[in-house]
Structure formats: structure tokens, C-alpha cells
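Structure file input_28.cif with mmCIF, C-alpha atoms:
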```cif
data_work
loop_
_atom_site.label_atom_id
_atom_site.label_comp_id
_atom_site.auth_asym_id
_atom_site.auth_seq_id
_atom_site.Cartn_x
_atom_site.Cartn_y
_atom_site.Cartn_z
CA MET A 3 133.76 7.94 118.41
CA LYS A 4 130.56 9.93 118.10
CA LYS A 5 129.32 8.94 121.57
CA PRO A 6 132.27 10.49 123.49
CA ILE A 7 131.92 13.72 121.49
CA LEU A 8 128.17 13.84 122.19
CA THR A 9 128.79 13.24 125.86
CA ILE A 10 131.35 16.04 125.98
CA LEU A 11 128.92 18.42 124.24
CA ILE A 12 126.16 17.58 126.71
CA ILE A 13 128.52 18.23 129.64
CA ILE A 14 129.62 21.56 128.13
CA VAL A 15 126.00 22.67 127.57
CA PHE A 16 125.09 21.62 131.11
CA LEU A 17 127.99 23.56 132.64
CA ALA A 18 127.16 26.59 130.48
CA GLY A 19 123.57 26.49 131.75
CA ILE A 20 124.74 26.37 135.37
CA TYR A 21 127.08 29.31 134.75
CA ALA A 22 124.33 31.37 133.08
CA TYR A 23 121.90 30.65 135.92
CA ALA A 24 124.47 31.58 138.59
CA THR A 25 125.54 34.82 136.91
CA ASN A 26 121.90 35.82 136.34
CA GLY A 27 121.23 35.41 140.07
CA ILE A 28 124.24 37.57 140.90
CA PHE A 29 123.05 40.31 138.55
CA LYS A 30 119.59 40.25 140.13
CA SER A 31 121.04 40.55 143.62
CA LEU A 32 123.17 43.48 142.50
CA LYS A 33 120.12 45.21 141.09
CA ILE A 34 118.20 44.68 144.35
CA THR A 35 121.13 46.10 146.32
CA GLU A 36 121.26 49.14 144.10
CA LYS A 37 117.55 49.75 144.63
CA PHE A 38 118.02 49.78 148.38
CA GLU A 39 120.99 52.09 148.14
CA THR A 40 119.11 54.77 146.21
CA ASN A 41 117.40 57.57 148.10
CA THR A 42 113.68 56.74 148.16
CA ILE A 43 112.68 59.94 150.00
CA SER A 44 110.94 62.36 147.68
CA ALA A 45 112.55 65.74 147.11
CA SER A 46 109.20 67.35 147.91
CA CYS A 47 109.36 66.07 151.50
CA PRO A 48 110.08 68.72 154.15
CA ASN A 49 112.92 67.67 156.42
CA ILE A 50 113.28 70.33 159.14
CA LEU A 51 110.73 71.49 161.71
CA LEU A 52 111.81 74.56 163.66
CA LYS A 53 110.05 75.95 166.72
CA LYS A 54 110.68 79.62 167.43
CA ASP A 55 108.54 82.12 169.36
CA ASN A 56 105.73 79.54 169.77
CA VAL A 57 105.50 79.12 165.98
CA LEU A 58 106.34 75.90 164.14
CA LEU A 59 108.15 76.40 160.81
CA LEU A 60 108.32 73.44 158.42
CA TYR A 61 111.29 73.72 156.02
CA ASN A 62 112.34 71.86 152.91
CA SER A 63 116.10 72.39 152.68
CA GLN A 64 116.13 71.13 149.07
CA LYS A 65 113.93 73.97 147.84
CA PRO A 66 114.34 77.76 147.87
CA GLU A 67 112.65 79.72 150.63
CA VAL A 68 109.31 81.28 149.71
CA GLU A 69 107.37 83.28 152.28
CA GLY A 70 104.32 81.37 153.49
CA VAL A 71 105.30 78.25 151.53
CA ASN A 72 108.84 77.32 152.56
CA PRO A 73 108.89 77.46 155.51
CA LEU A 74 105.25 76.55 156.09
CA PRO A 75 104.10 78.18 159.36
CA PHE A 76 101.91 76.55 162.02
CA TYR A 77 100.74 78.73 164.88
CA ASN A 78 99.72 75.88 167.17
CA LEU A 79 100.08 72.12 167.46
CA ASP A 80 96.54 71.49 166.23
CA GLU A 81 97.38 73.01 162.86
CA TYR A 82 100.49 70.85 162.57
CA ILE A 83 98.59 67.69 163.58
CA ASN A 84 95.91 68.43 160.98
CA TYR A 85 98.65 68.88 158.35
CA LEU A 86 100.23 65.53 159.28
CA GLU A 87 96.89 63.72 159.05
CA ILE A 88 96.28 65.11 155.56
CA GLN A 89 99.78 64.12 154.40
CA ARG A 90 99.47 60.60 155.76
CA LYS A 91 96.13 60.10 154.03
CA LYS A 92 97.94 60.96 150.80
CA GLY A 93 100.62 58.37 151.62
CA TYR A 94 103.40 60.81 152.57
CA ARG A 95 105.48 60.02 155.66
CA CYS A 96 108.45 62.36 155.66
CA PRO A 97 111.16 62.04 158.35
CA VAL A 98 111.63 65.45 159.94
CA LEU A 99 114.40 66.81 162.16
CA PHE A 100 112.82 68.84 164.98
CA LEU A 101 114.81 71.80 166.35
CA GLN A 102 113.72 74.12 169.13
CA ASN A 103 115.02 77.65 169.60
CA GLU A 104 116.28 78.03 173.18
CA VAL A 105 118.53 80.23 175.29
CA ASN A 106 121.46 78.45 176.96
CA THR A 107 123.08 79.25 180.30
CA GLN A 108 125.36 81.81 178.63
CA GLY A 109 122.37 83.75 177.33
CA GLU A 110 122.97 82.68 173.73
CA GLU A 111 120.25 81.56 171.34
CA VAL A 112 120.78 77.97 170.23
CA TYR A 113 118.80 75.35 168.32
CA ARG A 114 118.45 72.17 170.34
CA MET A 115 117.36 68.87 168.78
CA ARG A 116 114.27 67.32 170.34
CA PRO A 117 112.44 64.03 169.63
CA SER A 118 109.24 65.73 168.47
CA PRO A 119 107.11 68.82 169.17
CA PHE A 120 104.84 66.57 171.22
CA GLU A 121 107.59 65.24 173.51
CA LEU A 122 110.44 67.63 174.32
CA ASP A 123 112.57 65.49 176.66
CA GLY A 124 115.76 64.97 174.70
CA GLY A 125 117.08 61.41 174.83
CA VAL A 126 114.07 60.11 176.74
CA PRO A 127 111.69 57.80 174.84
CA GLU A 128 108.00 58.67 174.76
CA GLN A 129 107.13 55.22 176.04
CA THR A 130 109.16 52.54 177.72
CA THR A 131 108.67 48.78 177.86
CA LEU A 132 111.24 48.22 180.57
CA TYR A 133 108.62 48.07 183.31
CA PRO A 134 104.91 47.18 183.12
CA GLY A 135 102.35 49.94 183.02
CA SER A 136 100.96 51.54 186.15
CA ASN A 137 97.73 49.50 185.80
CA ASP A 138 99.57 46.17 185.72
CA ILE A 139 99.70 44.22 188.98
CA ILE A 140 103.07 42.58 189.62
CA LYS A 141 103.18 39.32 191.54
CA VAL A 142 105.64 39.43 194.42
CA ILE A 143 108.35 36.76 194.18
CA ASP A 144 108.76 35.49 197.73
CA ALA A 145 110.86 32.43 198.58
CA SER A 146 109.22 32.13 202.01
CA ARG A 147 105.92 31.21 200.33
CA GLU A 148 107.19 28.94 197.55
CA ASP A 149 106.73 25.58 199.29
CA PRO A 150 103.00 24.84 199.41
CA PRO A 151 101.08 23.64 201.28
CA TYR A 152 103.40 24.25 204.24
CA ASN A 153 103.76 27.99 203.69
CA LYS A 154 100.18 28.56 202.61
CA GLY A 155 98.73 31.78 203.99
CA ASN A 156 102.05 33.16 205.22
CA TYR A 157 102.60 36.87 205.17
CA PRO A 158 105.04 38.10 202.52
CA GLY A 159 108.66 38.25 203.56
CA PHE A 160 110.63 41.45 204.06
CA ASP A 161 112.15 42.97 200.92
CA PRO A 162 115.57 44.30 202.07
CA GLN A 163 116.66 45.24 198.54
CA GLY A 164 113.62 47.37 197.75
CA LEU A 165 112.95 45.47 194.52
CA TYR A 166 109.32 46.57 194.39
CA VAL A 167 109.68 50.24 195.28
CA GLY A 168 107.52 52.28 192.94
CA ARG A 169 105.78 49.20 191.53
CA TYR A 170 102.20 48.09 192.23
CA THR A 171 102.18 44.52 193.52
CA ASP A 172 99.52 42.02 194.58
CA VAL A 173 100.36 42.90 198.20
CA ASP A 174 99.51 46.53 197.49
CA GLN A 175 96.27 45.36 195.93
CA VAL A 176 95.31 43.56 199.15
CA HIS A 177 96.13 46.68 201.17
CA ASP A 178 94.10 48.95 198.90
CA SER A 179 91.10 46.61 198.92
CA THR A 180 89.98 47.99 202.31
CA GLU A 181 89.77 51.53 200.93
CA LYS A 182 86.86 50.57 198.67
CA ALA A 183 84.44 50.43 201.61
CA GLU A 184 82.78 53.56 202.95
CA ILE A 185 84.41 53.03 206.35
CA SER A 186 87.58 50.98 206.79
CA ASP A 187 88.80 49.10 209.83
CA ASN A 188 92.39 49.46 208.64
CA PRO A 189 94.15 52.27 210.55
CA MET A 190 96.41 52.89 207.53
CA ASP A 191 93.48 53.96 205.34
CA SER A 192 92.30 57.54 204.98
CA ASN A 193 88.69 56.37 205.55
CA TRP A 194 89.48 54.60 208.83
CA GLY A 195 86.45 54.31 211.11
CA GLY A 196 88.42 54.65 214.33
CA VAL A 197 89.52 52.42 217.21
CA LEU A 198 86.02 51.32 218.25
CA PHE A 199 85.09 50.37 214.69
CA THR A 200 88.24 48.24 214.35
CA GLN A 201 87.58 46.59 217.72
CA GLN A 202 84.03 45.73 216.65
CA SER A 203 85.37 44.15 213.44
CA LEU A 204 87.78 42.02 215.47
CA GLU A 205 85.08 40.91 217.91
CA SER A 206 82.71 40.03 215.06
CA GLY A 207 85.12 37.32 213.92
CA LYS A 208 86.06 38.97 210.65
CA TYR A 209 89.75 38.27 211.24
CA VAL A 210 89.44 35.02 213.19
CA ASP A 211 91.63 33.20 210.65
CA ASN A 212 94.39 35.77 211.13
CA SER A 213 94.54 35.61 214.93
CA VAL A 214 97.88 34.76 216.57
CA LYS A 215 97.88 32.48 219.63
CA LYS A 216 100.53 31.33 222.06
CA PRO A 217 102.02 27.96 221.08
CA LEU A 218 101.44 24.86 223.21
CA LEU A 219 104.98 24.06 224.29
CA HIS A 220 104.36 20.72 226.05
CA THR A 221 101.31 18.53 225.42
CA PRO A 222 102.30 14.83 225.71
CA LYS A 223 99.46 12.45 224.91
CA ASN A 224 100.08 10.12 227.90
CA ILE A 225 100.35 12.78 230.64
CA VAL A 226 97.58 15.02 231.94
CA PRO A 227 99.21 18.16 233.46
CA GLY A 228 98.41 18.55 237.18
CA LEU A 229 96.65 15.19 237.54
CA PHE A 230 99.42 13.61 239.66
CA GLY A 231 100.91 16.75 241.10
CA GLU A 232 103.23 17.50 238.24
CA ASN A 233 104.05 21.11 237.71
CA LEU A 234 102.69 22.67 234.58
CA PRO A 235 105.30 23.52 231.93
CA LYS A 236 106.56 27.04 232.22
CA ASP A 237 105.46 29.31 229.43
CA GLN A 238 108.61 31.04 228.18
CA LEU A 239 106.57 33.73 226.44
CA GLU A 240 105.10 35.14 229.65
#
```
Since I need it in another form, could you write the structure as C-alpha cells?
Amino acid sequence: MKKPILTILIIIVFLAGIYAYATNGIFKSLKITEKFETNTISASCPNILLKKDNVLLLYNSQKPEVEGVNPLPFYNLDEYINYLEIQRKKGYRCPVLFLQNEVNTQGEEVYRMRPSPFELDGGVPEQTTLYPGSNDIIKVIDASREDPPYNKGNYPGFDPQGLYVGRYTDVDQVHDSTEKAEISDNPMDSNWGGVLFTQQSLESGKYVDNSVKKPLLHTPKNIVPGLFGENLPKDQLE
């Protein structure tokens, strides 16, 4: 009789322990949530930066206005930058709403919200990662050259959609490579050496691998043209 009672007591204690552990975890999670919900921004943090008549005024809306203190004036950007550096060294990073005093099309003075005093284009990010930087060279994706070795050395195909307009590609890099010389044989360069200089470059064999020749339309291995009176094949390109 004692064994069933002992077993029941052990089960009750075990279930009570599970319940206590579970409720303790819930209480901890509630405490963590409450910590996140509280306002962690110090009341001493200024929250409004106003630009008017080329003067920056830093306000703390939670404190009364005191001349020279609230708002704190800055007569140029260097003074404001120096102030920010000092505050960040102390560990203060206060979010600030920047407003600029402007005159609208109706001649009325308004306060327009801007991203920062360093970048005044509203709604436009200071930097974008949508496209690579101007110094990055973009490789042209060309289906006409994607089957090596048969298409090796082909010129890039025409881009009818203008996908690379305004972007610096490896084709542009090849074009600009001739501008590095003192005199260029490329007529499209500003430092072009003229017609005679280009002709001399061609005759020197510089572009022998890029020469275009007429195709041989008919060259059977067992017939020598003209040996037995046969007429030579007509060149359709002439």
C-alpha cells in the first residue's frame, strides 16, 4: 500500500517541478519583453536639429528653452561635427530629427524634414548598393560569346535593350586602354595621332590578328581551279 502512495507523491513532485520551471521561464520572458518596451533614450538627449539662416540649432524638446543652451547653436558644420565626435566618445548616440527652414512656392516659410545636414536630398539615400561603384568593372553578359572555343575572340554582340548604359564594362575598359598612350591610333580617342599614324600601325602588323579577309567560297581538294579549263568560282562579294 505504501508503494503506490510513494509513486503518486513522486509523480506529483515531478509535475510540480515541471510547472515551476515552465512558469519561471514565462516570467523571465515577460521581464525581457518589458525591458525592450521601455524607452532607453536618455532624457538629456537632444532630439531636434533645426537649420535656419545658415545656423544649426540643436533642441531638446523635453527641457525648457535656455538661451545658448537649449537650443545649442552651431554656426557651421565643422562645429556640429566636432560636437558629435565629442558626444560619441562619451558613448552618446542620440537620434535627431533634422528640419530645414525653407520657403515654398507660395512664399510661405515651412520646415522641411531632411535626412541630415550633410545630405539634403529628401527620400534619397546617401549611398546605394543597387549598382556597383563607378570604379567597379562589370563583365558584359553576351550569349554570342558563351560557347568556347568556337566563339573565342568574337566581338561583343549588340545590346538593343541598353542594359549597360551608364555602367563601366570590360568592353569600355578595352576602349579606354588606348588612351593611356601618348599618341593613340584609335580615331575615337582625344589623343588620336591622325590618319597616317593609324595607317602606320596597321602596316606594322599590330592588328594582324584582327584583319578581315574574304572567305574562300570553293576550294575542293581534288580540283585545281583553271588547270583543265574550268572557270574559277565567282566571288559573290565582288
With distances taken over all atoms listed in the file, which residue among A:Tyr23, A:Asn103, A:Asp172, A:Phe160 lies nearest A:Ala145?
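Looking only at the distances to A:Ala145, the closest residue turns out to be A:Phe160.
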My list of candidates is A:Val142, A:Ile185, A:Leu198, A:Val68. Which is closest to A:Tyr166 when distances are computed with all atoms listed in the file?
A:Val142
In Å to one decimal, how far is atom CA of A:Asp149 from atom CA of A:Leu204?
29.9 Å
Name the residues in contact with stretch 86-91 of chain A at a cut-off of 12 Å, using all atoms listed in the file, excluding same-chain residues fewer than 3 positions from it; report them as a PyMOL selection string.
chain A and resi 46-48+60+76+79-83+94-98
If I wrap all listed atoms of stretch 188-191 of chain A in a box with edges along x, y and z and add 6 Å on each side, what are its centre and edge lengths in Å to one decimal, as lines of an AutoDock Vina configuration file?
```
center_x = 94.4
center_y = 51.7
center_z = 207.9
size_x = 16.0
size_y = 16.5
size_z = 17.2
```
Using atom CA of A:Thr171 and atom CA of A:Thr200 as the two end points, give the distance in Å to one decimal.
25.3 Å
From the set A:Ala22, A:Ile12, A:Val105, A:Val173, which residue has the shortest atom-to-atom contact distance to A:Asp55, counting all atoms listed in the file?
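So, comparing all the options, the nearest one is A:Val105.
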Can you work out which one of A:Ser118, A:Ser192, A:Thr9, A:Gln64 has the shortest atom-to-atom distance to A:Leu52, counting all atoms listed in the file?
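With all atoms listed in the file as the atom set, the closest residue is A:Ser118.
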So which one's closest to A:Pro117, A:Leu51, A:Tyr152, A:Asp178, A:Gln201? Using only C-alpha atoms, please.
A:Leu51
Rounded to one decimal place, report the atom CA of A:Pro189-atom CA of A:Ser203 distance in Å.
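These atoms are spaced 12.3 Å apart.
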I need the residue nearest A:Ala45 from this list: A:Lys215, A:Asn62, A:Asp174, A:Leu99. Use only C-alpha atoms for the distance.
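For A:Ala45, the nearest of the candidates is A:Asn62.
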